[in-house]
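The structure file start_24.txt is reproduced below (compact mmCIF, C-alpha atoms and all ligand atoms).
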```txt
# COMPACT_ATOMS: atom_id res chain seq x y z
CA MET A 12 -18.92 -20.14 -14.17
CA ASN A 13 -16.98 -17.61 -16.23
CA ASN A 14 -14.40 -19.23 -18.44
CA LYS A 15 -12.10 -16.27 -18.26
CA LYS A 16 -10.60 -15.30 -14.92
CA ILE A 17 -11.51 -11.82 -13.69
CA TYR A 18 -8.90 -10.54 -11.29
CA LEU A 19 -10.02 -7.69 -9.02
CA ASP A 20 -7.52 -8.20 -6.19
CA ASN A 21 -4.83 -5.85 -7.41
CA ALA A 22 -4.38 -4.29 -3.96
CA ALA A 23 -3.09 -7.69 -2.82
CA THR A 24 -0.75 -7.96 -5.77
CA SER A 25 -0.85 -7.15 -9.48
CA LYS A 26 0.27 -9.08 -12.52
CA LEU A 27 3.69 -8.39 -13.98
CA ASP A 28 3.43 -6.06 -16.96
CA PRO A 29 4.90 -7.75 -20.08
CA GLU A 30 6.95 -4.58 -20.70
CA THR A 31 8.44 -4.86 -17.22
CA ARG A 32 9.16 -8.55 -17.70
CA LYS A 33 11.05 -7.70 -20.89
CA GLY A 34 13.25 -5.26 -18.96
CA MET A 35 13.97 -7.92 -16.34
CA LEU A 36 14.84 -10.59 -18.92
CA LEU A 37 17.24 -8.16 -20.53
CA CYS A 38 19.24 -8.20 -17.28
CA GLN A 39 19.82 -11.91 -17.75
CA ASP A 40 20.51 -11.61 -21.47
CA LEU A 41 23.11 -8.93 -20.78
CA GLU A 42 24.65 -11.14 -18.06
CA MET A 43 24.34 -8.55 -15.34
CA MET A 44 26.13 -9.97 -12.32
CA ASN A 45 26.76 -8.80 -8.75
CA ALA A 46 26.40 -5.01 -8.87
CA SER A 47 29.10 -4.62 -6.22
CA SER A 48 31.73 -6.41 -8.35
CA PRO A 49 34.17 -4.06 -10.02
CA HIS A 50 34.41 -6.14 -13.25
CA LYS A 51 32.51 -5.27 -16.44
CA LEU A 52 29.52 -7.52 -15.70
CA GLY A 53 29.18 -6.00 -12.24
CA VAL A 54 29.46 -2.46 -13.58
CA LYS A 55 26.71 -3.21 -16.10
CA ALA A 56 24.40 -4.30 -13.27
CA ALA A 57 25.32 -1.26 -11.16
CA LYS A 58 24.46 1.04 -14.06
CA ALA A 59 21.06 -0.61 -14.53
CA ILE A 60 20.35 -0.19 -10.81
CA GLU A 61 21.31 3.48 -10.91
CA LYS A 62 18.96 4.00 -13.85
CA ALA A 63 16.07 2.50 -11.85
CA ARG A 64 17.01 4.63 -8.85
CA THR A 65 16.93 7.78 -10.97
CA ILE A 66 13.50 6.92 -12.42
CA ILE A 67 12.03 6.40 -8.93
CA ALA A 68 13.70 9.56 -7.62
CA GLN A 69 12.27 11.60 -10.49
CA LYS A 70 8.79 10.23 -9.90
CA THR A 71 8.91 11.31 -6.23
CA ASN A 72 10.98 14.52 -6.67
CA ALA A 73 13.78 13.04 -4.53
CA TYR A 74 17.52 12.89 -5.15
CA PRO A 75 18.62 9.45 -6.41
CA LYS A 76 20.89 8.90 -3.40
CA GLU A 77 17.85 9.27 -1.11
CA ILE A 78 16.27 6.10 -2.60
CA ILE A 79 17.33 2.92 -0.77
CA PHE A 80 16.33 -0.41 -2.32
CA THR A 81 14.83 -3.07 -0.05
CA SER A 82 12.94 -6.37 -0.34
CA GLY A 83 9.52 -4.68 -0.32
CA GLY A 84 6.97 -2.70 1.63
CA THR A 85 7.20 -4.78 4.80
CA GLU A 86 10.94 -4.30 5.05
CA SER A 87 10.74 -0.60 4.20
CA ASN A 88 8.11 0.03 6.88
CA ASN A 89 10.16 -1.86 9.49
CA LEU A 90 13.33 -0.10 8.42
CA ALA A 91 11.72 3.35 8.52
CA ILE A 92 10.15 2.96 11.94
CA LYS A 93 12.90 1.05 13.75
CA GLY A 94 15.64 3.00 11.96
CA ILE A 95 14.25 6.27 13.30
CA ALA A 96 13.39 4.83 16.72
CA PHE A 97 16.88 3.58 17.53
CA ALA A 98 18.77 6.53 16.05
CA ASN A 99 16.70 9.13 17.90
CA ILE A 100 16.24 7.50 21.30
CA LYS A 101 18.20 10.30 23.00
CA LYS A 102 15.64 12.82 21.75
CA GLY A 103 12.58 10.80 22.73
CA ASN A 104 10.72 7.50 22.67
CA HIS A 105 7.28 8.51 21.44
CA ILE A 106 5.90 7.46 18.04
CA ILE A 107 2.52 8.39 16.57
CA THR A 108 0.73 6.26 14.00
CA SER A 109 -2.89 5.44 13.16
CA LYS A 110 -5.26 2.58 13.87
CA ILE A 111 -5.66 1.76 10.17
CA GLU A 112 -2.07 0.98 9.21
CA HIS A 113 -0.82 -2.08 7.37
CA PRO A 114 0.24 -4.90 9.76
CA SER A 115 3.92 -4.21 8.96
CA VAL A 116 3.53 -0.84 10.74
CA LEU A 117 1.20 -2.05 13.49
CA GLU A 118 3.39 -5.05 14.36
CA ALA A 119 6.65 -3.07 14.14
CA THR A 120 5.29 -0.45 16.57
CA LYS A 121 3.88 -3.17 18.84
CA TRP A 122 7.36 -4.69 18.97
CA LEU A 123 8.92 -1.31 19.78
CA LYS A 124 6.44 -0.90 22.62
CA LYS A 125 7.86 -4.07 24.18
CA HIS A 126 11.28 -2.40 23.98
CA GLY A 127 10.36 0.74 25.88
CA PHE A 128 8.81 2.99 23.23
CA GLU A 129 5.49 4.73 23.72
CA ILE A 130 3.09 4.45 20.79
CA THR A 131 -0.02 6.54 20.13
CA TYR A 132 -2.50 4.99 17.69
CA LEU A 133 -4.63 7.80 16.29
CA PRO A 134 -8.32 7.16 15.69
CA VAL A 135 -9.83 7.94 12.29
CA ASP A 136 -13.23 9.28 11.27
CA LYS A 137 -15.96 7.18 9.63
CA GLU A 138 -14.34 7.52 6.21
CA GLY A 139 -10.89 6.64 7.50
CA PHE A 140 -9.32 10.10 7.64
CA VAL A 141 -6.77 10.98 10.31
CA ASP A 142 -7.64 14.31 11.92
CA SER A 143 -4.58 16.56 11.63
CA ILE A 144 -5.69 18.77 14.55
CA TYR A 145 -5.97 15.69 16.77
CA LEU A 146 -2.57 14.58 15.51
CA GLU A 147 -0.96 17.93 16.36
CA ARG A 148 -2.34 17.68 19.89
CA ALA A 149 -0.78 14.21 20.26
CA ILE A 150 2.74 15.54 19.54
CA LYS A 151 4.84 16.09 22.65
CA LYS A 152 8.48 16.80 23.33
CA GLU A 153 9.40 13.09 23.29
CA THR A 154 7.78 12.54 19.87
CA ILE A 155 10.29 11.49 17.24
CA LEU A 156 8.15 10.10 14.42
CA VAL A 157 4.70 10.25 12.84
CA SER A 158 3.94 7.32 10.51
CA VAL A 159 0.75 7.34 8.45
CA ILE A 160 -0.45 5.21 5.55
CA HIS A 161 -0.89 7.36 2.42
CA GLY A 162 -3.60 5.41 0.56
CA ASN A 163 -5.35 2.85 2.71
CA ASN A 164 -5.06 -0.70 1.39
CA GLU A 165 -8.56 -1.72 2.49
CA ILE A 166 -10.85 1.27 2.08
CA GLY A 167 -8.79 3.51 -0.22
CA THR A 168 -8.76 6.65 1.93
CA ILE A 169 -6.02 9.07 0.84
CA GLU A 170 -4.78 10.75 4.00
CA PRO A 171 -4.19 14.53 4.20
CA ILE A 172 -0.40 14.25 4.00
CA TYR A 173 0.08 17.90 3.08
CA GLU A 174 -1.44 19.05 6.40
CA ILE A 175 0.29 16.32 8.43
CA GLY A 176 3.65 16.97 6.76
CA SER A 177 3.42 20.72 7.48
CA ILE A 178 2.64 20.06 11.14
CA CYS A 179 5.50 17.56 11.53
CA ARG A 180 8.05 19.86 9.89
CA LYS A 181 6.91 22.80 12.04
CA ARG A 182 7.16 20.68 15.21
CA GLY A 183 10.50 19.09 14.30
CA VAL A 184 9.14 15.53 14.12
CA TYR A 185 10.04 13.09 11.34
CA PHE A 186 7.18 12.12 9.01
CA HIS A 187 6.99 8.70 7.33
CA ILE A 188 4.29 7.58 4.91
CA ASP A 189 3.52 4.08 3.64
CA ALA A 190 2.84 4.71 -0.04
CA CYS A 191 2.64 1.08 -1.23
CA GLN A 192 -0.92 1.46 -2.47
CA SER A 193 -0.75 5.05 -3.66
CA PHE A 194 2.56 5.13 -5.55
CA THR A 195 1.97 6.15 -9.19
CA LYS A 196 -1.78 6.31 -8.44
CA THR A 197 -1.81 9.77 -6.90
CA ASP A 198 0.54 12.71 -6.53
CA LEU A 199 3.67 11.99 -4.49
CA ASP A 200 6.28 14.72 -4.07
CA VAL A 201 8.62 14.42 -1.11
CA LYS A 202 9.39 18.13 -1.04
CA LYS A 203 5.88 19.49 -1.52
CA TYR A 204 4.54 17.24 1.26
CA ASN A 205 7.51 17.65 3.66
CA LEU A 206 8.19 13.92 3.75
CA ASP A 207 11.21 12.47 5.55
CA LEU A 208 10.64 8.78 4.79
CA VAL A 209 8.47 7.04 2.19
CA THR A 210 7.81 3.32 1.78
CA LEU A 211 7.38 2.07 -1.79
CA ASN A 212 7.08 -1.34 -3.42
CA ALA A 213 6.89 -2.76 -6.93
CA HIS A 214 4.34 -5.55 -6.92
CA LYS A 215 1.29 -3.29 -6.55
CA ILE A 216 2.18 -1.47 -9.76
CA HIS A 217 2.70 -4.44 -12.11
CA GLY A 218 6.32 -4.78 -11.06
CA PRO A 219 8.01 -7.86 -9.53
CA LYS A 220 7.45 -9.14 -6.00
CA GLY A 221 10.20 -8.98 -3.40
CA VAL A 222 11.50 -5.52 -4.20
CA GLY A 223 10.74 -2.12 -2.75
CA ALA A 224 12.41 1.08 -1.65
CA LEU A 225 12.61 3.50 1.21
CA TYR A 226 13.09 7.19 0.55
CA ILE A 227 15.21 8.63 3.35
CA ARG A 228 15.59 12.41 3.15
CA GLU A 229 19.17 13.49 3.26
CA GLY A 230 20.09 14.63 6.77
CA VAL A 231 17.58 12.41 8.59
CA ARG A 232 19.17 10.76 11.63
CA PHE A 233 18.80 7.08 10.86
CA ASP A 234 20.20 3.67 11.85
CA PRO A 235 20.26 0.64 9.51
CA LEU A 236 18.74 -2.68 10.56
CA LEU A 237 20.83 -4.95 8.32
CA HIS A 238 24.58 -4.72 8.77
CA GLY A 239 26.99 -6.25 6.32
CA GLY A 240 28.65 -5.24 3.07
CA GLY A 241 27.54 -1.61 3.32
CA GLN A 242 25.41 -1.50 0.15
CA GLU A 243 22.91 1.34 -0.23
CA ARG A 244 25.18 3.85 1.53
CA GLY A 245 25.27 1.53 4.55
CA PHE A 246 21.51 1.82 5.10
CA ARG A 247 20.72 -1.63 3.73
CA SER A 248 23.40 -4.25 3.27
CA GLY A 249 22.87 -7.27 1.05
CA THR A 250 23.56 -8.32 -2.53
CA TYR A 251 21.43 -6.37 -4.99
CA ASN A 252 18.31 -7.93 -6.48
CA THR A 253 19.26 -6.54 -9.89
CA GLU A 254 16.39 -8.00 -11.94
CA GLY A 255 13.86 -6.93 -9.32
CA ILE A 256 15.20 -3.40 -9.10
CA VAL A 257 15.33 -3.04 -12.88
CA GLY A 258 11.72 -4.30 -13.07
CA PHE A 259 10.68 -1.83 -10.36
CA GLY A 260 12.25 1.04 -12.32
CA ARG A 261 10.56 -0.05 -15.54
CA ALA A 262 7.16 -0.38 -13.81
CA VAL A 263 7.46 3.20 -12.56
CA GLU A 264 8.69 4.44 -15.94
CA ILE A 265 5.65 3.11 -17.80
CA ALA A 266 3.09 4.16 -15.18
CA ASP A 267 0.72 6.44 -17.02
CA GLU A 268 -1.50 9.29 -15.77
CA GLY A 269 -4.17 8.18 -18.25
CA ASP A 270 -4.48 4.86 -16.41
CA ILE A 271 -5.33 6.68 -13.17
CA LYS A 272 -8.21 8.53 -14.84
CA GLN A 273 -9.46 5.35 -16.49
CA MET A 274 -9.38 3.36 -13.22
CA ALA A 275 -11.18 6.15 -11.34
CA LYS A 276 -13.88 6.22 -14.03
CA LEU A 277 -14.37 2.45 -13.81
CA ARG A 278 -14.34 2.59 -10.00
CA ASP A 279 -17.20 5.12 -9.96
CA TYR A 280 -19.09 3.24 -12.66
CA PHE A 281 -18.89 -0.03 -10.70
CA ILE A 282 -20.00 1.50 -7.38
CA GLN A 283 -22.99 3.13 -9.07
CA LYS A 284 -23.93 0.01 -11.00
CA VAL A 285 -23.81 -2.26 -7.94
CA GLN A 286 -25.80 0.20 -5.86
CA ASP A 287 -28.38 0.59 -8.63
CA SER A 288 -28.71 -3.18 -9.07
CA VAL A 289 -28.63 -4.50 -5.51
CA MET A 290 -30.39 -3.07 -2.48
CA GLY A 291 -28.66 -2.64 0.85
CA VAL A 292 -25.13 -1.96 -0.40
CA THR A 293 -22.90 0.60 1.35
CA LEU A 294 -19.55 1.98 0.30
CA ASN A 295 -16.86 1.69 2.98
CA GLY A 296 -14.45 4.63 2.88
CA PRO A 297 -14.84 8.01 1.19
CA ARG A 298 -16.32 8.98 -2.21
CA ASP A 299 -13.64 11.63 -2.76
CA ASN A 300 -9.95 11.47 -1.88
CA ARG A 301 -10.02 7.77 -2.57
CA LEU A 302 -7.48 5.57 -4.39
CA CYS A 303 -8.42 5.37 -8.06
CA ASN A 304 -8.55 1.55 -8.02
CA ASN A 305 -10.20 0.86 -4.66
CA ILE A 306 -13.82 -0.17 -4.06
CA ASN A 307 -14.92 -1.57 -0.71
CA LEU A 308 -18.58 -2.49 -0.36
CA ARG A 309 -20.65 -4.16 2.30
CA PHE A 310 -23.81 -6.05 1.52
CA ASN A 311 -26.61 -6.26 4.08
CA SER A 312 -27.20 -9.84 5.24
CA VAL A 313 -24.39 -11.33 3.14
CA SER A 314 -21.01 -12.05 4.67
CA GLY A 315 -17.94 -10.78 2.84
CA GLN A 316 -16.31 -14.21 3.22
CA LYS A 317 -19.29 -15.94 1.62
CA LEU A 318 -19.49 -13.52 -1.30
CA THR A 319 -15.75 -13.74 -1.88
CA ARG A 320 -15.85 -17.55 -1.88
CA GLU A 321 -18.84 -17.69 -4.23
CA LEU A 322 -17.21 -15.24 -6.63
CA SER A 323 -14.01 -17.27 -6.55
CA GLU A 324 -16.01 -20.38 -7.55
CA ARG A 325 -17.08 -18.36 -10.59
CA ASN A 326 -13.49 -17.36 -11.46
CA ILE A 327 -13.85 -13.83 -10.06
CA PHE A 328 -11.15 -12.92 -7.57
CA VAL A 329 -11.72 -10.28 -4.89
CA SER A 330 -10.87 -9.94 -1.22
CA ALA A 331 -12.97 -10.12 1.95
CA GLY A 332 -12.69 -7.48 4.64
CA SER A 333 -12.48 -10.09 7.36
CA ALA A 334 -10.03 -12.91 7.86
CA CYS A 335 -11.09 -16.43 8.74
CA LEU A 336 -9.14 -17.97 11.59
CA SER A 337 -10.21 -21.61 11.94
CA THR A 338 -13.97 -21.27 12.38
CA LYS A 339 -13.93 -17.72 13.74
CA LEU A 340 -14.26 -14.60 11.62
CA ILE A 341 -11.85 -11.80 12.53
CA PRO A 342 -13.28 -8.51 11.32
CA SER A 343 -10.90 -6.10 9.64
CA HIS A 344 -9.18 -3.68 12.05
CA VAL A 345 -9.70 -0.92 9.47
CA LEU A 346 -13.47 -1.44 9.27
CA LEU A 347 -13.68 -1.58 13.07
CA ALA A 348 -11.64 1.64 13.29
CA ILE A 349 -14.11 3.51 11.05
CA GLY A 350 -16.78 2.62 13.57
CA LEU A 351 -18.46 -0.47 12.10
CA LYS A 352 -19.80 -3.07 14.50
CA PRO A 353 -18.10 -6.48 14.04
CA GLU A 354 -21.17 -7.96 12.31
CA LEU A 355 -21.17 -5.12 9.74
CA ALA A 356 -17.39 -5.20 9.33
CA GLU A 357 -17.73 -8.87 8.36
CA GLY A 358 -19.72 -7.77 5.30
CA GLY A 359 -16.84 -5.87 3.65
CA VAL A 360 -15.61 -6.93 0.21
CA ARG A 361 -12.74 -5.20 -1.58
CA PHE A 362 -12.64 -4.98 -5.36
CA SER A 363 -9.33 -3.52 -6.51
CA LEU A 364 -8.91 -2.63 -10.16
CA SER A 365 -5.87 -2.36 -12.39
CA LYS A 366 -5.03 -0.69 -15.67
CA PHE A 367 -5.99 -3.98 -17.33
CA THR A 368 -9.56 -4.00 -15.91
CA THR A 369 -12.32 -3.56 -18.50
CA ILE A 370 -15.92 -2.36 -18.31
CA LYS A 371 -17.04 -5.71 -19.77
CA GLU A 372 -15.41 -7.53 -16.84
CA LEU A 373 -17.08 -5.21 -14.34
CA ASN A 374 -20.50 -5.77 -15.92
CA LEU A 375 -20.00 -9.52 -15.61
CA VAL A 376 -18.99 -9.16 -11.97
CA VAL A 377 -22.15 -7.17 -11.24
CA GLU A 378 -24.31 -9.87 -12.87
CA ASN A 379 -22.65 -12.48 -10.67
CA ILE A 380 -23.04 -10.38 -7.52
CA ILE A 381 -26.77 -9.97 -8.21
CA GLU A 382 -27.20 -13.74 -8.52
CA ILE A 383 -25.22 -14.56 -5.39
CA VAL A 384 -26.84 -11.89 -3.23
CA GLN A 385 -30.32 -12.93 -4.35
CA LYS A 386 -29.52 -16.55 -3.51
CA GLU A 387 -28.05 -15.66 -0.12
CA ARG A 388 -30.90 -13.37 0.86
CA GLY A 389 -33.54 -15.55 -0.77
CA VAL A 390 -34.76 -17.49 2.24
CA SER A 391 -34.60 -15.23 5.22
CA CYS A 392 -33.99 -11.73 3.98
CA PRO A 393 -35.13 -10.41 0.59
CA GLU A 394 -33.07 -7.22 0.94
C1 LIG A 401 -0.16 -0.42 2.48
C2 LIG A 401 0.79 -1.55 2.42
N1 LIG A 401 1.95 -1.48 3.09
C3 LIG A 401 2.85 -2.47 3.07
C4 LIG A 401 2.63 -3.62 2.36
C5 LIG A 401 3.65 -4.72 2.37
O1 LIG A 401 4.34 -4.74 1.16
P1 LIG A 401 5.15 -6.05 0.67
O2 LIG A 401 4.13 -7.03 0.24
O3 LIG A 401 5.97 -5.52 -0.49
O4 LIG A 401 5.99 -6.48 1.79
C6 LIG A 401 1.43 -3.74 1.63
C7 LIG A 401 1.14 -4.97 0.86
O5 LIG A 401 0.20 -5.68 1.13
C8 LIG A 401 0.48 -2.69 1.68
O6 LIG A 401 -0.68 -2.77 1.03
```
Once more with this new file: its structure as structure tokens, please.
Amino acid sequence: MNNKKIYLDNAATSKLDPETRKGMLLCQDLEMMNASSPHKLGVKAAKAIEKARTIIAQKTNAYPKEIIFTSGGTESNNLAIKGIAFANIKKGNHIITSKIEHPSVLEATKWLKKHGFEITYLPVDKEGFVDSIYLERAIKKETILVSVIHGNNEIGTIEPIYEIGSICRKRGVYFHIDACQSFTKTDLDVKKYNLDLVTLNAHKIHGPKGVGALYIREGVRFDPLLHGGGQERGFRSGTYNTEGIVGFGRAVEIADEGDIKQMAKLRDYFIQKVQDSVMGVTLNGPRDNRLCNNINLRFNSVSGQKLTRELSERNIFVSAGSACLSTKLIPSHVLLAIGLKPELAEGGVRFSLSKFTTIKELNLVVENIIEIVQKERGVSCPE
């Protein structure tokens, strides 16, 4: 067993950057109180929140007032989809999304279906790309929203948002992207890509958990879900999570382009090294247009669950493509959507890197994979 933990599950969540933690602690040291209070301690908190808002707006080329803070990606996705659905019901009841969305989009649209909305779930190709021509054909006069994940959380596919955004703007349909995995890891410009709504969160970029944001383009017809004190221009009531928001701002501020290049280099190195060392390994998702920190591999004759468990025993933390529900394996909906048969989809393992990942760690992981795969295939299947 490795004495030192090797964490390659950064797509699930990432560790808080010490720099970010410092920014959050400063909130407490400076006694920042309820940002809606008009006294000095409230004003201090409000200023810190506005600073974070400006940093996030600059990173996405938005206006600060278009950034609405929420409790995270799940809330932002629900808010985006239901907020558009209810505000635009007079125009139409049709929403288009894809089959490879995060559950917070799939479940929100499933719920809307029960309430009279019509949902189209677009198929994807074998690398996970949405076909923009197919998407354009799916738009009809009742269509009010297209919602597509930017960088896929399981297989890393970066969707063609420029093409989709152009089509949606031309056809007068709102366009929402879920950018939880891609934010600060690839280009995101709300104007260049004709985006109307963008979901963001902090904990995938070494920020705190329980805080996120929704970009809502000015002029978009939109209804809030949470009614109350009228914070966030009435779009999202509730007392501000000042420390969380400040941490989110700091995490975005220190995100560095150099880290993207480094992660992409390590990603490619790892894929090559595993494929050179172990036979019968296939990359799920594309080679190009892929998130810089995402690797998803399937190993012939070795289940993803088994490999994940064995690695965990050795202090190496990754994620399996399938979920285990009591004794039954539920293959990932994303791997099924790219055309894998359930037995192949069960082989998927996701390794997600961070700016803290080192080549030494990756070499150790490969050594461990070789041992486990050899052991697993040893009896019945040498490959
Ligand atoms: C693509 C994507 N969307 C949404 C979410 C949900 O974000 P949160 O954990 O902040 O609610 C996640 C996190 O797993 C994600 O990966």
(message) So, with all atoms listed in the file as the atoms that count, which of A:Asn99, A:Ser47, A:Thr81, A:Ser343 lies closest to ligand LIG 401 (chain A)?
(response)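 Using all atoms listed in the file, the shortest distance to ligand LIG 401 (chain A) belongs to A:Thr81.
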Contacts with ligand LIG 401 (chain A) at most 9 Å, only C-alpha atoms and all ligand atoms counted, listed as an mmCIF file with C-alpha atoms, keeping the file's coordinate frame:
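Final output, saved to selection32.cif:
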```cif
data_model
loop_
_atom_site.group_PDB
_atom_site.id
_atom_site.type_symbol
_atom_site.label_atom_id
_atom_site.label_comp_id
_atom_site.auth_asym_id
_atom_site.auth_seq_id
_atom_site.Cartn_x
_atom_site.Cartn_y
_atom_site.Cartn_z
ATOM 1 C CA ALA A 22 -4.380 -4.290 -3.960
ATOM 2 C CA ALA A 23 -3.090 -7.690 -2.820
ATOM 3 C CA THR A 24 -0.750 -7.960 -5.770
ATOM 4 C CA SER A 82 12.940 -6.370 -0.340
ATOM 5 C CA GLY A 83 9.520 -4.680 -0.320
ATOM 6 C CA GLY A 84 6.970 -2.700 1.630
ATOM 7 C CA THR A 85 7.200 -4.780 4.800
ATOM 8 C CA GLU A 86 10.940 -4.300 5.050
ATOM 9 C CA SER A 87 10.740 -0.600 4.200
ATOM 10 C CA ASN A 88 8.110 0.030 6.880
ATOM 11 C CA GLU A 112 -2.070 0.980 9.210
ATOM 12 C CA HIS A 113 -0.820 -2.080 7.370
ATOM 13 C CA PRO A 114 0.240 -4.900 9.760
ATOM 14 C CA SER A 115 3.920 -4.210 8.960
ATOM 15 C CA VAL A 116 3.530 -0.840 10.740
ATOM 16 C CA ILE A 160 -0.450 5.210 5.550
ATOM 17 C CA HIS A 161 -0.890 7.360 2.420
ATOM 18 C CA GLY A 162 -3.600 5.410 0.560
ATOM 19 C CA ASN A 163 -5.350 2.850 2.710
ATOM 20 C CA ASN A 164 -5.060 -0.700 1.390
ATOM 21 C CA GLU A 165 -8.560 -1.720 2.490
ATOM 22 C CA ASP A 189 3.520 4.080 3.640
ATOM 23 C CA ALA A 190 2.840 4.710 -0.040
ATOM 24 C CA CYS A 191 2.640 1.080 -1.230
ATOM 25 C CA GLN A 192 -0.920 1.460 -2.470
ATOM 26 C CA SER A 193 -0.750 5.050 -3.660
ATOM 27 C CA THR A 210 7.810 3.320 1.780
ATOM 28 C CA LEU A 211 7.380 2.070 -1.790
ATOM 29 C CA ASN A 212 7.080 -1.340 -3.420
ATOM 30 C CA ALA A 213 6.890 -2.760 -6.930
ATOM 31 C CA HIS A 214 4.340 -5.550 -6.920
ATOM 32 C CA LYS A 215 1.290 -3.290 -6.550
ATOM 33 C CA LYS A 220 7.450 -9.140 -6.000
ATOM 34 C CA GLY A 221 10.200 -8.980 -3.400
ATOM 35 C CA VAL A 222 11.500 -5.520 -4.200
ATOM 36 C CA GLY A 223 10.740 -2.120 -2.750
#
```
(request) Go ahead and compute the interatomic distance for CA of Lys110 (chain A) and CA of Asn205 (chain A), in Å to one decimal. (result)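 It comes out at 22.2 Å.
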(message) Considering only C-alpha atoms, can you say which of A:Ile381, A:Val289, A:Ile282, A:Val345 comes closest to Gly359 (chain A)?
(response) A:Val345
(message) Just the number, please: distance in Å from CA of Arg32 (chain A) to CA of Lys76 (chain A), one decimal.
(response)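 Atom-to-atom, CA of Arg32 (chain A) and CA of Lys76 (chain A) are spaced 25.4 Å apart.
What separates CA of Thr293 (chain A) from CA of Leu199 (chain A) is a distance of 29.5 Å.
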